[in-house]
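Okay, entry-v1.cif is below, mmCIF, C-alpha atoms:
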```
data_model
#
loop_
_atom_site.group_PDB
_atom_site.id
_atom_site.type_symbol
_atom_site.label_atom_id
_atom_site.label_comp_id
_atom_site.auth_asym_id
_atom_site.auth_seq_id
_atom_site.Cartn_x
_atom_site.Cartn_y
_atom_site.Cartn_z
ATOM 1 C CA THR A 1 0.000 0.000 0.000
ATOM 2 C CA SER A 2 2.795 2.388 0.913
ATOM 3 C CA GLY A 3 4.499 1.661 -2.406
ATOM 4 C CA LEU A 4 1.373 2.522 -4.387
ATOM 5 C CA LYS A 5 0.978 5.691 -2.372
ATOM 6 C CA ASN A 6 4.541 6.778 -3.171
ATOM 7 C CA GLU A 7 4.020 6.057 -6.868
ATOM 8 C CA ARG A 8 0.851 8.199 -6.911
ATOM 9 C CA GLU A 9 2.741 11.112 -5.231
ATOM 10 C CA CYS A 10 5.594 10.844 -7.726
ATOM 11 C CA GLY A 11 3.142 10.818 -10.615
ATOM 12 C CA ALA A 12 1.341 13.870 -9.224
ATOM 13 C CA ARG A 13 4.633 15.771 -8.868
ATOM 14 C CA GLU A 14 5.633 14.949 -12.427
ATOM 15 C CA GLU A 15 2.212 16.087 -13.686
ATOM 16 C CA ARG A 16 2.533 19.402 -11.816
ATOM 17 C CA GLY A 17 6.048 19.834 -13.224
ATOM 18 C CA ARG A 18 4.812 19.288 -16.793
ATOM 19 C CA ILE A 19 1.995 21.794 -16.281
ATOM 20 C CA MET A 20 4.479 24.425 -14.952
ATOM 21 C CA ASP A 21 6.825 23.810 -17.899
ATOM 22 C CA ASP A 22 3.954 24.238 -20.347
ATOM 23 C CA GLU A 23 2.893 27.478 -18.674
ATOM 24 C CA PHE A 24 6.488 28.836 -18.681
ATOM 25 C CA SER A 25 7.014 27.943 -22.348
ATOM 26 C CA ALA A 26 3.693 29.590 -23.275
ATOM 27 C CA GLU A 27 4.649 32.775 -21.370
ATOM 28 C CA LEU A 28 8.081 32.794 -23.018
ATOM 29 C CA GLN A 29 6.522 32.453 -26.468
ATOM 30 C CA ASN A 30 4.164 35.363 -25.760
ATOM 31 C CA LYS A 31 7.058 37.584 -24.668
ATOM 32 C CA THR A 32 9.071 36.597 -27.733
ATOM 33 C CA LYS A 33 6.143 37.433 -30.004
ATOM 34 C CA LYS A 34 5.726 40.859 -28.342
ATOM 35 C CA LEU A 35 9.431 41.653 -28.726
ATOM 36 C CA LYS A 36 9.403 40.611 -32.384
ATOM 37 C CA LYS A 37 6.318 42.709 -33.022
ATOM 38 C CA LYS A 38 7.918 45.749 -31.321
ATOM 39 C CA ALA A 39 11.166 45.335 -33.281
ATOM 40 C CA LYS A 40 9.226 45.004 -36.529
ATOM 41 C CA LYS A 41 7.295 48.195 -35.731
ATOM 42 C CA GLN A 42 10.500 50.153 -34.968
ATOM 43 C CA LYS A 43 12.114 48.876 -38.169
ATOM 44 C CA LYS A 44 9.083 49.991 -40.164
ATOM 45 C CA GLU A 45 9.158 53.475 -38.558
ATOM 46 C CA SER A 46 12.899 53.892 -39.221
ATOM 47 C CA LYS A 47 12.395 52.764 -42.840
ATOM 48 C CA ILE A 48 9.688 55.390 -43.344
ATOM 49 C CA ALA A 49 11.914 58.048 -41.750
ATOM 50 C CA VAL A 50 14.834 57.094 -44.034
ATOM 51 C CA GLN A 51 12.574 57.370 -47.085
ATOM 52 C CA ASN A 52 11.422 60.825 -45.948
ATOM 53 C CA ALA A 53 15.013 61.908 -45.385
ATOM 54 C CA GLU A 54 16.001 60.673 -48.865
ATOM 55 C CA GLN A 55 13.137 62.624 -50.400
ATOM 56 C CA ASP A 56 14.267 65.767 -48.549
ATOM 57 C CA ALA A 57 17.863 65.226 -49.695
ATOM 58 C CA ASN A 58 16.772 64.858 -53.350
ATOM 59 C CA GLU A 59 14.860 68.145 -53.243
ATOM 60 C CA PRO A 60 16.764 71.172 -54.648
ATOM 61 C CA GLU A 61 18.304 73.770 -52.355
ATOM 62 C CA SER A 62 16.008 76.484 -53.641
ATOM 63 C CA VAL A 63 12.930 75.051 -51.917
ATOM 64 C CA ASP A 64 10.700 77.778 -50.590
ATOM 65 C CA SER A 65 10.812 78.188 -46.820
ATOM 66 C CA ALA A 66 7.007 77.918 -46.722
ATOM 67 C CA SER A 67 7.180 74.287 -47.963
ATOM 68 C CA ALA A 68 9.917 73.343 -45.476
ATOM 69 C CA PRO A 69 8.876 71.480 -42.329
ATOM 70 C CA VAL A 70 7.807 73.887 -39.617
ATOM 71 C CA PHE A 71 8.551 72.802 -36.067
ATOM 72 C CA PRO A 72 6.528 74.088 -33.101
ATOM 73 C CA PRO A 73 8.264 76.588 -30.841
ATOM 74 C CA THR A 74 8.372 74.133 -27.934
ATOM 75 C CA PHE A 75 9.709 71.281 -30.086
ATOM 76 C CA SER A 76 12.722 69.434 -28.673
ATOM 77 C CA VAL A 77 14.542 66.683 -30.554
ATOM 78 C CA SER A 78 15.604 65.098 -27.268
ATOM 79 C CA GLU A 79 11.984 64.151 -26.593
ATOM 80 C CA ILE A 80 12.068 61.566 -29.411
ATOM 81 C CA LYS A 81 12.800 58.156 -27.922
ATOM 82 C CA ASN A 82 13.836 56.343 -31.085
ATOM 83 C CA LYS A 83 17.555 56.959 -31.646
ATOM 84 C CA GLN A 84 17.520 56.733 -35.453
ATOM 85 C CA ARG A 85 14.458 58.930 -35.788
ATOM 86 C CA ARG A 86 15.888 61.425 -33.313
ATOM 87 C CA HIS A 87 19.065 61.663 -35.392
ATOM 88 C CA LEU A 88 17.141 62.129 -38.619
ATOM 89 C CA MET A 89 14.938 64.823 -37.110
ATOM 90 C CA PHE A 90 18.032 66.583 -35.814
ATOM 91 C CA MET A 91 19.555 66.566 -39.312
ATOM 92 C CA ARG A 92 16.323 67.966 -40.794
ATOM 93 C CA LEU A 93 16.258 70.718 -38.183
ATOM 94 C CA LYS A 94 19.884 71.515 -38.931
ATOM 95 C CA GLN A 95 19.201 71.708 -42.664
ATOM 96 C CA GLU A 96 16.295 74.058 -42.039
ATOM 97 C CA LYS A 97 18.471 76.417 -39.992
ATOM 98 C CA ARG A 98 21.136 76.280 -42.696
ATOM 99 C CA ARG A 99 18.592 77.251 -45.374
ATOM 100 C CA GLU A 100 17.399 80.178 -43.274
ATOM 101 C CA LYS A 101 20.967 81.346 -42.710
ATOM 102 C CA LEU A 102 21.837 81.134 -46.417
ATOM 103 C CA SER A 103 18.701 82.984 -47.459
ATOM 104 C CA LEU A 104 19.395 85.766 -44.944
ATOM 105 C CA LYS A 105 22.986 85.982 -46.167
ATOM 106 C CA LYS A 106 21.877 86.285 -49.806
ATOM 107 C CA LYS A 107 19.346 88.938 -48.850
ATOM 108 C CA ARG A 108 21.986 91.033 -47.053
ATOM 109 C CA ARG A 109 24.423 90.676 -49.958
ATOM 110 C CA LYS A 110 21.780 91.906 -52.412
ATOM 111 C CA GLU A 111 21.019 94.862 -50.131
ATOM 112 C CA ARG A 112 24.701 95.810 -49.978
ATOM 113 C CA GLU A 113 25.000 95.587 -53.749
ATOM 114 C CA ALA A 114 21.870 97.707 -54.200
ATOM 115 C CA PHE A 115 22.827 100.444 -51.719
ATOM 116 C CA GLY A 116 26.532 100.491 -52.582
ATOM 117 C CA ASP A 117 28.487 102.814 -50.264
ATOM 118 C CA GLU A 118 25.337 103.639 -48.313
ATOM 119 C CA ALA A 119 24.808 100.010 -47.323
ATOM 120 C CA PRO A 120 24.563 99.287 -43.576
ATOM 121 C CA PRO A 121 27.763 97.960 -41.967
ATOM 122 C CA LYS A 122 28.275 94.261 -41.497
ATOM 123 C CA PRO A 123 27.183 92.957 -38.083
ATOM 124 C CA VAL A 124 30.051 92.388 -35.651
ATOM 125 C CA PRO A 125 30.237 88.719 -34.560
ATOM 126 C CA LYS A 126 29.954 88.015 -30.852
ATOM 127 C CA THR A 127 33.210 86.936 -29.225
ATOM 128 C CA ILE A 128 34.382 86.473 -25.672
ATOM 129 C CA GLU A 129 36.460 89.637 -25.891
ATOM 130 C CA ASN A 130 33.789 92.044 -27.142
ATOM 131 C CA GLN A 131 31.228 90.619 -24.696
ATOM 132 C CA ARG A 132 33.388 91.244 -21.641
ATOM 133 C CA VAL A 133 32.317 93.815 -19.053
ATOM 134 C CA TYR A 134 34.055 97.138 -19.601
ATOM 135 C CA ASP A 135 37.046 97.621 -17.295
ATOM 136 C CA GLU A 136 36.855 100.953 -15.507
ATOM 137 C CA THR A 137 40.646 101.097 -15.155
ATOM 138 C CA THR A 138 41.169 101.307 -18.934
ATOM 139 C CA VAL A 139 43.583 104.171 -19.571
ATOM 140 C CA ASP A 140 42.897 107.155 -21.794
ATOM 141 C CA PRO A 141 46.135 107.964 -23.726
ATOM 142 C CA GLU A 142 45.500 111.702 -23.210
ATOM 143 C CA ASP A 143 44.911 111.477 -19.448
ATOM 144 C CA GLU A 144 47.123 114.037 -17.678
ATOM 145 C CA GLU A 145 47.363 112.008 -14.470
ATOM 146 C CA VAL A 146 48.563 108.938 -16.356
ATOM 147 C CA ALA A 147 51.065 111.034 -18.318
ATOM 148 C CA PHE A 148 52.446 112.479 -15.052
ATOM 149 C CA ASP A 149 52.766 109.037 -13.442
ATOM 150 C CA GLU A 150 54.544 107.625 -16.493
ATOM 151 C CA GLY A 151 56.854 110.622 -16.591
ATOM 152 C CA THR A 152 58.054 109.959 -13.043
ATOM 153 C CA ASP A 153 57.985 106.149 -12.751
ATOM 154 C CA GLU A 154 61.029 103.871 -12.745
ATOM 155 C CA PHE A 155 60.873 103.393 -16.540
ATOM 156 C CA SER A 156 60.825 107.099 -17.383
ATOM 157 C CA ALA A 157 64.622 107.176 -17.815
ATOM 158 C CA TYR A 158 64.381 104.528 -20.517
ATOM 159 C CA PHE A 159 61.532 106.204 -22.423
ATOM 160 C CA ASN A 160 63.372 109.543 -22.227
ATOM 161 C CA ARG A 161 66.408 107.798 -23.779
ATOM 162 C CA LEU A 162 68.599 108.473 -20.749
ATOM 163 C CA THR A 163 69.525 104.805 -20.227
ATOM 164 C CA ASN A 164 69.992 101.721 -22.373
ATOM 165 C CA PRO A 165 68.694 98.354 -21.136
ATOM 166 C CA LYS A 166 71.175 95.779 -19.881
ATOM 167 C CA VAL A 167 69.459 92.557 -18.814
ATOM 168 C CA LEU A 168 70.661 89.703 -16.628
ATOM 169 C CA ILE A 169 68.854 86.374 -17.152
ATOM 170 C CA THR A 170 69.125 83.811 -14.395
ATOM 171 C CA THR A 171 67.294 80.651 -13.364
ATOM 172 C CA SER A 172 65.859 79.033 -10.311
ATOM 173 C CA ASP A 173 68.216 77.041 -8.143
ATOM 174 C CA ARG A 174 69.607 73.875 -9.809
ATOM 175 C CA PRO A 175 67.970 74.273 -13.228
ATOM 176 C CA ARG A 176 67.509 71.412 -15.653
ATOM 177 C CA GLY A 177 68.805 71.342 -19.195
ATOM 178 C CA ARG A 178 65.500 72.538 -20.616
ATOM 179 C CA THR A 179 65.598 75.692 -18.496
ATOM 180 C CA VAL A 180 69.212 76.377 -19.475
ATOM 181 C CA ARG A 181 68.431 76.056 -23.189
ATOM 182 C CA PHE A 182 65.386 78.292 -22.788
ATOM 183 C CA CYS A 183 67.548 80.995 -21.151
ATOM 184 C CA GLN A 184 69.986 80.760 -24.067
ATOM 185 C CA GLN A 185 67.100 81.199 -26.524
ATOM 186 C CA LEU A 186 65.788 84.161 -24.549
ATOM 187 C CA ALA A 187 69.231 85.754 -24.662
ATOM 188 C CA THR A 188 69.116 85.648 -28.478
ATOM 189 C CA ILE A 189 65.825 87.582 -28.447
ATOM 190 C CA ILE A 190 66.694 90.369 -25.974
ATOM 191 C CA PRO A 191 69.767 92.335 -27.097
ATOM 192 C CA ASP A 192 72.530 93.052 -24.575
ATOM 193 C CA SER A 193 71.334 90.311 -22.247
ATOM 194 C CA HIS A 194 73.550 87.920 -20.304
ATOM 195 C CA VAL A 195 72.807 84.494 -18.814
ATOM 196 C CA TYR A 196 74.012 83.755 -15.296
ATOM 197 C CA TYR A 197 73.611 80.402 -13.529
ATOM 198 C CA ARG A 198 72.879 80.911 -9.842
ATOM 199 C CA ARG A 199 74.527 77.798 -8.384
ATOM 200 C CA GLY A 200 72.643 78.159 -5.115
ATOM 201 C CA LEU A 201 73.222 81.915 -4.770
ATOM 202 C CA ALA A 202 70.298 83.805 -3.186
ATOM 203 C CA LEU A 203 68.592 86.651 -5.043
ATOM 204 C CA LYS A 204 69.431 89.033 -2.175
ATOM 205 C CA ARG A 205 73.089 88.616 -3.078
ATOM 206 C CA ILE A 206 72.541 88.734 -6.854
ATOM 207 C CA ILE A 207 70.630 92.060 -6.879
ATOM 208 C CA PRO A 208 73.460 94.219 -5.374
ATOM 209 C CA GLN A 209 75.934 92.664 -7.822
ATOM 210 C CA CYS A 210 73.595 93.481 -10.732
ATOM 211 C CA ILE A 211 73.351 97.123 -9.628
ATOM 212 C CA ALA A 212 77.109 97.361 -9.214
ATOM 213 C CA ARG A 213 77.741 96.010 -12.721
ATOM 214 C CA GLY A 214 75.235 98.292 -14.456
ATOM 215 C CA PHE A 215 72.406 95.841 -15.119
ATOM 216 C CA THR A 216 69.027 97.551 -15.370
ATOM 217 C CA TYR A 217 66.755 94.473 -15.276
ATOM 218 C CA LEU A 218 66.819 90.995 -13.780
ATOM 219 C CA ILE A 219 64.765 88.097 -15.196
ATOM 220 C CA VAL A 220 64.370 84.877 -13.194
ATOM 221 C CA ILE A 221 63.249 81.831 -15.221
ATOM 222 C CA ASN A 222 61.437 78.819 -13.775
ATOM 223 C CA GLU A 223 60.877 75.736 -15.928
ATOM 224 C CA ASP A 224 57.420 75.333 -17.479
ATOM 225 C CA ARG A 225 57.554 74.128 -21.105
ATOM 226 C CA LYS A 226 60.119 73.072 -23.673
ATOM 227 C CA ARG A 227 60.008 74.108 -27.329
ATOM 228 C CA ARG A 228 62.641 73.882 -30.052
ATOM 229 C CA GLY A 229 62.772 77.004 -32.221
ATOM 230 C CA LYS A 230 64.795 78.082 -35.248
ATOM 231 C CA ASP A 231 67.868 80.210 -34.664
ATOM 232 C CA PRO A 232 67.092 83.938 -34.920
ATOM 233 C CA THR A 233 69.607 86.501 -36.126
ATOM 234 C CA LYS A 234 71.339 89.090 -33.941
ATOM 235 C CA HIS A 235 69.239 91.977 -35.265
ATOM 236 C CA THR A 236 67.323 94.046 -32.716
ATOM 237 C CA PRO A 237 63.649 92.997 -33.050
ATOM 238 C CA GLU A 238 60.545 95.132 -33.108
ATOM 239 C CA VAL A 239 58.351 94.977 -30.008
ATOM 240 C CA ILE A 240 54.553 94.736 -30.235
ATOM 241 C CA LEU A 241 52.418 95.218 -27.120
ATOM 242 C CA ASN A 242 48.784 94.186 -27.580
ATOM 243 C CA ASN A 243 45.880 94.978 -25.259
ATOM 244 C CA PHE A 244 47.809 96.583 -22.390
ATOM 245 C CA THR A 245 45.077 99.197 -21.972
ATOM 246 C CA THR A 246 44.391 99.315 -18.213
ATOM 247 C CA ARG A 247 46.385 101.257 -15.642
ATOM 248 C CA LEU A 248 48.133 98.101 -14.497
ATOM 249 C CA GLY A 249 48.559 97.008 -18.118
ATOM 250 C CA HIS A 250 50.363 100.261 -18.940
ATOM 251 C CA SER A 251 52.899 99.612 -16.192
ATOM 252 C CA ILE A 252 53.501 96.022 -17.295
ATOM 253 C CA GLY A 253 53.736 97.021 -20.980
ATOM 254 C CA ARG A 254 56.315 99.711 -20.200
ATOM 255 C CA MET A 255 58.343 97.147 -18.257
ATOM 256 C CA PHE A 256 58.422 94.773 -21.250
ATOM 257 C CA ALA A 257 59.220 97.580 -23.684
ATOM 258 C CA ALA A 258 62.148 98.695 -21.530
ATOM 259 C CA LEU A 259 63.838 95.308 -21.998
ATOM 260 C CA PHE A 260 64.659 96.079 -25.662
ATOM 261 C CA PRO A 261 66.772 98.848 -27.232
ATOM 262 C CA HIS A 262 65.042 101.934 -28.600
ATOM 263 C CA ASP A 263 65.721 101.556 -32.326
ATOM 264 C CA PRO A 264 64.770 98.181 -33.897
ATOM 265 C CA GLU A 265 66.672 96.899 -36.920
ATOM 266 C CA PHE A 266 63.985 96.355 -39.541
ATOM 267 C CA VAL A 267 66.427 94.566 -41.847
ATOM 268 C CA GLY A 268 66.217 91.485 -39.607
ATOM 269 C CA ARG A 269 62.390 91.333 -40.050
ATOM 270 C CA GLN A 270 62.041 89.996 -36.494
ATOM 271 C CA VAL A 271 59.274 90.929 -34.064
ATOM 272 C CA ALA A 272 58.671 90.064 -30.400
ATOM 273 C CA THR A 273 54.994 90.128 -29.441
ATOM 274 C CA PHE A 274 53.521 90.396 -25.945
ATOM 275 C CA HIS A 275 49.772 89.786 -26.222
ATOM 276 C CA ASN A 276 47.596 90.358 -23.147
ATOM 277 C CA GLN A 277 44.336 88.407 -23.147
ATOM 278 C CA ARG A 278 42.103 87.299 -20.256
ATOM 279 C CA ASP A 279 44.795 88.224 -17.701
ATOM 280 C CA PHE A 280 47.422 86.046 -19.413
ATOM 281 C CA ILE A 281 50.394 87.386 -21.386
ATOM 282 C CA PHE A 282 51.317 85.295 -24.434
ATOM 283 C CA PHE A 283 54.778 85.723 -25.949
ATOM 284 C CA ARG A 284 55.639 84.865 -29.567
ATOM 285 C CA PHE A 285 58.744 85.549 -31.629
ATOM 286 C CA HIS A 286 58.275 85.732 -35.413
ATOM 287 C CA ARG A 287 60.030 86.702 -38.610
ATOM 288 C CA TYR A 288 58.307 88.447 -41.512
ATOM 289 C CA ILE A 289 58.366 86.650 -44.870
ATOM 290 C CA PHE A 290 57.468 88.840 -47.853
ATOM 291 C CA LYS A 291 55.924 86.560 -50.491
ATOM 292 C CA ASN A 292 55.277 89.414 -52.939
ATOM 293 C CA GLU A 293 54.454 93.119 -52.853
ATOM 294 C CA LYS A 294 50.996 92.532 -51.320
ATOM 295 C CA ARG A 295 51.222 89.283 -49.372
ATOM 296 C CA VAL A 296 53.195 88.895 -46.141
ATOM 297 C CA GLY A 297 53.586 85.751 -44.045
ATOM 298 C CA ILE A 298 55.163 85.064 -40.675
ATOM 299 C CA GLN A 299 57.499 82.319 -39.504
ATOM 300 C CA GLU A 300 57.663 81.468 -35.814
ATOM 301 C CA LEU A 301 61.190 81.324 -34.475
ATOM 302 C CA GLY A 302 60.471 80.502 -30.850
ATOM 303 C CA PRO A 303 60.556 80.218 -27.968
ATOM 304 C CA ARG A 304 56.934 80.686 -26.913
ATOM 305 C CA PHE A 305 55.708 81.008 -23.361
ATOM 306 C CA THR A 306 52.768 82.268 -21.281
ATOM 307 C CA LEU A 307 53.051 84.648 -18.323
ATOM 308 C CA LYS A 308 50.683 85.194 -15.403
ATOM 309 C CA LEU A 309 51.141 88.290 -13.258
ATOM 310 C CA ARG A 310 51.424 87.416 -9.566
ATOM 311 C CA SER A 311 52.607 90.721 -8.131
ATOM 312 C CA LEU A 312 54.074 94.102 -9.079
ATOM 313 C CA GLN A 313 56.657 95.643 -6.785
ATOM 314 C CA LYS A 314 58.373 99.005 -6.852
ATOM 315 C CA GLY A 315 62.130 99.047 -7.299
ATOM 316 C CA THR A 316 64.268 95.932 -7.002
ATOM 317 C CA PHE A 317 62.887 92.716 -5.611
ATOM 318 C CA ASP A 318 62.593 92.601 -1.830
ATOM 319 C CA SER A 319 60.489 89.868 -0.241
ATOM 320 C CA LYS A 320 60.428 91.450 3.245
ATOM 321 C CA PHE A 321 60.368 95.233 2.910
ATOM 322 C CA GLY A 322 59.338 95.722 -0.722
ATOM 323 C CA GLU A 323 56.436 98.002 -1.613
ATOM 324 C CA TYR A 324 53.825 96.134 -3.664
ATOM 325 C CA GLU A 325 51.742 98.067 -6.199
ATOM 326 C CA TRP A 326 49.572 95.066 -7.057
ATOM 327 C CA VAL A 327 49.192 91.493 -5.741
ATOM 328 C CA HIS A 328 47.160 88.696 -7.312
ATOM 329 C CA LYS A 329 44.317 87.589 -5.063
#
```
I'd like the structure from this file rewritten - as structure tokens, please.
Amino acid sequence: TSGLKNERECGAREERGRIMDDEFSAELQNKTKKLKKKAKKQKKESKIAVQNAEQDANEPESVDSASAPVFPPTFSVSEIKNKQRRHLMFMRLKQEKRREKLSLKKKRRKEREAFGDEAPPKPVPKTIENQRVYDETTVDPEDEEVAFDEGTDEFSAYFNRLTNPKVLITTSDRPRGRTVRFCQQLATIIPDSHVYYRRGLALKRIIPQCIARGFTYLIVINEDRKRRGKDPTKHTPEVILNNFTTRLGHSIGRMFAALFPHDPEFVGRQVATFHNQRDFIFFRFHRYIFKNEKRVGIQELGPRFTLKLRSLQKGTFDSKFGEYEWVHK
């Protein structure tokens, strides 16, 4: 009796197992059918979108803007869930904007041709520089106070041609080979400049020796970047100072100008540029190349570097008792 009972229980368990397997397989088939149906629907939608895009691409460029697709003002391409359709709609929107831009450009060109000299000026493109807030410290070249300050500052002797610049270039303590080569390159740019290797000597001891030997300026170089440039000639270069328009900028620009002799040698066709932009000073050293009577090119000689003003101090450097005119905060 017990054996028959066990057989009946085993048979019942097997029957329940078969029923569960049948139910699971039926559910799996339903899910598979739904997924296939969804994939087929998406494929059909993408195919229709591709056909529409091909029709738009085959249309000529001179299609009237009235026949172009008009999107609602609150339309956003990111709301489209399908990736392919979202990309196609983005391309159509981009083409529409391009057509509008070209038509506006043609219209303005025709207006300029029609009006001739009386045509309105071209619109100035928006840039980071012309959108900046006006700096109240920008200097007026005819300001009497600025003229008085510049006539009595520490660079007035140079600009009145009473002194000639003599520059000493040194490095931080224990410089690497890159810094040494950069100092040698810098000495070829600034006339009457001399390179001195500190060998552990403090600046407090270097400054009195510079004054005693007739040096007017001291440049201390710390390593930042390495760049191999072509060898410049020994001609005195021109100096270009760009965008040093504020009161502080005037002082810094006069300091850079005082590093070079008064009369540049234009035969060498070399120019040293200090360009101030967004509180950084970019230095480039170029040579003019005259291709013909109308076209002029430039060739970079190197080195190039970027400066960031940390402080401005009156007189020679003094870390303890020096008078600071400006300190970076």
For stretch 121-160 of chain A versus stretch 239-249 of chain A, which residues have an atom no more than 12 Å away, and what is each residue's nearest atom pair and distance in Å rounded to one decimal, using only C-alpha atoms, chain-then-number order, as CSV?
```
residue,atom,partner,partner_atom,distance
A:Glu129,CA,A:Asn243,CA,10.8
A:Tyr134,CA,A:Thr246,CA,10.7
A:Asp135,CA,A:Thr246,CA,7.6
A:Glu136,CA,A:Thr246,CA,8.2
A:Thr137,CA,A:Thr246,CA,5.2
A:Thr138,CA,A:Thr246,CA,3.9
A:Val139,CA,A:Thr246,CA,5.1
A:Asp140,CA,A:Thr245,CA,8.3
A:Pro141,CA,A:Thr245,CA,9.0
A:Asp143,CA,A:Arg247,CA,11.0
A:Glu145,CA,A:Arg247,CA,10.9
A:Val146,CA,A:Arg247,CA,8.0
A:Ala147,CA,A:Arg247,CA,11.2
A:Asp149,CA,A:Arg247,CA,10.3
A:Glu150,CA,A:Arg247,CA,10.4
```
Which of these residues is nearest to A:Gln209, using only C-alpha atoms: A:Leu168, A:Val195, A:Thr127, A:Arg178? A:Leu168
What is the atom CA of A:Thr316-atom CA of A:Leu218 distance in Å, reported with one decimal? 8.8 Å
Within 7 Å of stretch 258-274 of chain A, counting only C-alpha atoms, which residues show up once you throw out same-chain ones fewer than 4 positions away? Write them as a PyMOL selection string, please. chain A and resi 155+158+164-165+190-191+233+235-242+254+281-288
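Counting all atoms listed in the file, A:Ser172 has the following residues at most 9 Å away, ignoring those fewer than 2 positions along the same chain: Thr170, Arg174, Pro175, Thr179, Tyr197, Arg198, Arg199, Gly200, Val220, Ile221, Asn222 and Glu223 of chain A.
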Preceding selection exported with C-alpha atoms as a PDB file, in the frame of the given file:
```pdb
ATOM      1  CA  THR A 170      69.125  83.811 -14.395  1.00  0.00           C
ATOM      2  CA  ARG A 174      69.607  73.875  -9.809  1.00  0.00           C
ATOM      3  CA  PRO A 175      67.970  74.273 -13.228  1.00  0.00           C
ATOM      4  CA  THR A 179      65.598  75.692 -18.496  1.00  0.00           C
ATOM      5  CA  TYR A 197      73.611  80.402 -13.529  1.00  0.00           C
ATOM      6  CA  ARG A 198      72.879  80.911  -9.842  1.00  0.00           C
ATOM      7  CA  ARG A 199      74.527  77.798  -8.384  1.00  0.00           C
ATOM      8  CA  GLY A 200      72.643  78.159  -5.115  1.00  0.00           C
ATOM      9  CA  VAL A 220      64.370  84.877 -13.194  1.00  0.00           C
ATOM     10  CA  ILE A 221      63.249  81.831 -15.221  1.00  0.00           C
ATOM     11  CA  ASN A 222      61.437  78.819 -13.775  1.00  0.00           C
ATOM     12  CA  GLU A 223      60.877  75.736 -15.928  1.00  0.00           C
TER      13      GLU A 223
END
```
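Residue nearest A:Gly151 within the list A:Ser251, A:Phe317, A:Pro232, A:Lys34: A:Ser251 [criterion: smallest interatomic distance, all atoms listed in the file].
In this comparison, which uses all atoms listed in the file, the residue of A:Gln277, A:Gln184, A:Gln131, A:Thr163 approaching A:Thr216 most closely is A:Thr163.
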Kindly provide, as JSON, the centre and edge lengths (Å, one decimal) of an axis-aligned box around all atoms of stretch 178-193 of chain A given in the file, with 6 Å on each side.
```
{"center_x": 69.0, "center_y": 82.8, "center_z": -23.5, "size_x": 19.1, "size_y": 32.5, "size_z": 22.0}
```
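The smallest atom-to-atom distance between A:Ala187 and any of A:His328, A:Ile80, A:Lys314, A:Pro303, using all atoms listed in the file, is found for A:Pro303.
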What separates atom CA of A:Gly315 and atom CA of A:Glu154 is a distance of 7.4 Å
Mind telling me what the PyMOL selection byres ((chain A and resi 89) around 10) catches here, as a PyMOL selection string? chain A and resi 49+53+76-78+80+83-88+90-95
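Nearest-residue note for A:His275: choosing from A:Ile207, A:Leu104, A:Leu307, A:Leu301, the minimum distance belongs to A:Leu307, counting all atoms listed in the file.
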